[in-house]
Amino acid sequence: MKLLVKNILILAISVLFFACGGTKIDQQVVLNQTQPVKDSVYTIPEKPQVLVFTKTSGFNHGSIETGIKTLKQLGIRNDFQIVSTDDASEFNTENLANYQLVLFLNTTGDVLNSEQQGAFETYIQSGGSFMGIHSATDTEQGWPWYGKLVGAYFVSHPKEQRATIQVIDGSHMSTSHLSGTWSHFDEWYDFKDINPDIHVLLKLDESTYTGGKNGDDHPIAWYHEYDGGRAFYTGLGHTEASYDDLDFRKHLIGAINWCLKR
């Protein structure tokens with residue numbers, strides 16, 4: 001009898017032991033199934049990189065910082081990354097290869113040395129994109145290749161005032177939000193050495209302001225393909241208030257998206 005009771009106790013303890021052990025194993029399997037998978041093959045695509053260059057060796061626009069902040073805001077909302085610099089040493093072949101767009105924001109004067117110019121030429125010839133805002137046309141006036149890239153050179157301007165802009169091509173993503181005309185307050189550039197190959201998007205109506213010198217054919221925003229790459233220019237963007245203008249912001253994001261080949 002004692003032996004029978006002893007065997008029953010041993011059997012009960014064994015069943016309890018293996019039951020508990022099995023429960024722990026089952027729990028471990030379930031927990032392991034919920035653990036994150038390491039070294040996943042899925043990666044988040046990197047955002048397009050835009051280098052915003054702001055170096056000046058002539059007039060320095062007070063709107064540069066406002067422009068940078070605006071471009072960063074547009075980048076956050078439209079899925080691209082802004083890196084701003086006034087350091088010309090960033091213009092080397094290795095570094096420029098990291099960017100899908102190089103944007104000159106109110107640069108003035110001679111801002112690149114010959115080696116840096118060569119690196120930028122290589123970047124464009126390799127399929128890179130360029131965008132210029134306002135005084136980008138008052139930059140590198142002794143570098144003919146750049147003059148063709150930006151599309152024209154600044155020559156003069158009257159006082160800041162409101163003018164009517166004529167929409168010449170409303171099919172482009174930088175102008176599709178505009179109606180036939182656009183009234184805007186800014187500093188209006190006159191141009192020389194206009195590249196005949198540019199595709200004009202916006203023109204100024206000189207009858208709506210005083211001091212214009214380009215006459216009936218006064219382009220103020222354009223784009224073109226050049227030397228293997230893309231180039232876009234807008235003459236707007238002198239004043240800080242311009243960057244608060246919703247139409248101008250839409251103009252900028254459309255231009256950037258075109259340069260990014262979206």
# chains A, B, ... in the order shown; residues from 1 in each chain; ligands from 1
$ select_by_dssp --residues "region 21-245 of chain A" --states "strand (DSSP E or B)" --output "JSON, numbers by chain"
{"A": [49, 50, 51, 52, 53, 56, 81, 82, 83, 84, 85, 101, 102, 103, 104, 105, 108, 109, 129, 130, 131, 132, 133, 139, 153, 154, 155, 156, 161, 162, 163, 164, 165, 166, 167, 181, 182, 183, 184, 185, 186, 190, 191, 192, 199, 200, 201, 202, 203, 204, 205, 219, 220, 221, 222, 223, 224, 225, 226, 229, 230, 231, 232, 233, 234]}
$ residues_around --residues "Glu225 (chain A)" --least-positions-apart "2" --cutoff "10 Å" --atoms "only C-alpha atoms" --output "mmCIF file with N, CA and C atoms, in the first residue's frame"
data_model
loop_
_atom_site.group_PDB
_atom_site.id
_atom_site.type_symbol
_atom_site.label_atom_id
_atom_site.label_comp_id
_atom_site.auth_asym_id
_atom_site.auth_seq_id
_atom_site.Cartn_x
_atom_site.Cartn_y
_atom_site.Cartn_z
ATOM 1 N N GLY A 127 24.101 64.939 -65.152
ATOM 2 C CA GLY A 127 22.660 64.838 -64.991
ATOM 3 C C GLY A 127 22.098 65.553 -63.789
ATOM 4 N N SER A 129 20.846 68.832 -61.334
ATOM 5 C CA SER A 129 19.902 69.929 -61.560
ATOM 6 C C SER A 129 20.328 71.183 -60.809
ATOM 7 N N LEU A 149 23.796 78.550 -68.099
ATOM 8 C CA LEU A 149 23.051 77.676 -67.187
ATOM 9 C C LEU A 149 21.914 78.426 -66.507
ATOM 10 N N ASP A 197 17.718 79.747 -75.627
ATOM 11 C CA ASP A 197 17.184 78.390 -75.489
ATOM 12 C C ASP A 197 16.280 78.195 -74.270
ATOM 13 N N ILE A 198 16.152 79.232 -73.427
ATOM 14 C CA ILE A 198 15.300 79.069 -72.245
ATOM 15 C C ILE A 198 13.830 79.001 -72.662
ATOM 16 N N HIS A 199 13.049 78.275 -71.858
ATOM 17 C CA HIS A 199 11.594 78.212 -72.056
ATOM 18 C C HIS A 199 10.961 79.128 -71.018
ATOM 19 N N TYR A 223 12.833 77.897 -67.559
ATOM 20 C CA TYR A 223 13.550 76.636 -67.341
ATOM 21 C C TYR A 223 14.128 76.169 -68.672
ATOM 22 N N ASP A 227 23.446 71.302 -71.017
ATOM 23 C CA ASP A 227 24.716 70.585 -70.850
ATOM 24 C C ASP A 227 24.569 69.290 -70.050
ATOM 25 N N GLY A 228 23.470 68.571 -70.281
ATOM 26 C CA GLY A 228 23.272 67.288 -69.618
ATOM 27 C C GLY A 228 22.397 67.334 -68.386
ATOM 28 N N GLY A 229 22.071 68.540 -67.896
ATOM 29 C CA GLY A 229 21.278 68.660 -66.676
ATOM 30 C C GLY A 229 20.057 69.541 -66.867
ATOM 31 N N ARG A 230 19.422 69.882 -65.772
ATOM 32 C CA ARG A 230 18.244 70.740 -65.779
ATOM 33 C C ARG A 230 18.536 72.043 -65.059
ATOM 34 N N ALA A 231 17.870 73.122 -65.500
ATOM 35 C CA ALA A 231 18.058 74.419 -64.852
ATOM 36 C C ALA A 231 16.738 75.172 -64.811
ATOM 37 N N PHE A 232 16.473 75.787 -63.658
ATOM 38 C CA PHE A 232 15.264 76.595 -63.457
ATOM 39 C C PHE A 232 15.677 77.889 -62.771
#
$ closest_residue --among "A:Pro158, A:Pro48, A:Gly128, A:Gly67" --to "Asp186 (chain A)" --atoms "only C-alpha atoms"
A:Pro158
$ closest_residue --among "A:Asp247, A:Gly142, A:Ser126, A:Asp217" --to "Ser179 (chain A)" --atoms "only C-alpha atoms"
A:Asp247
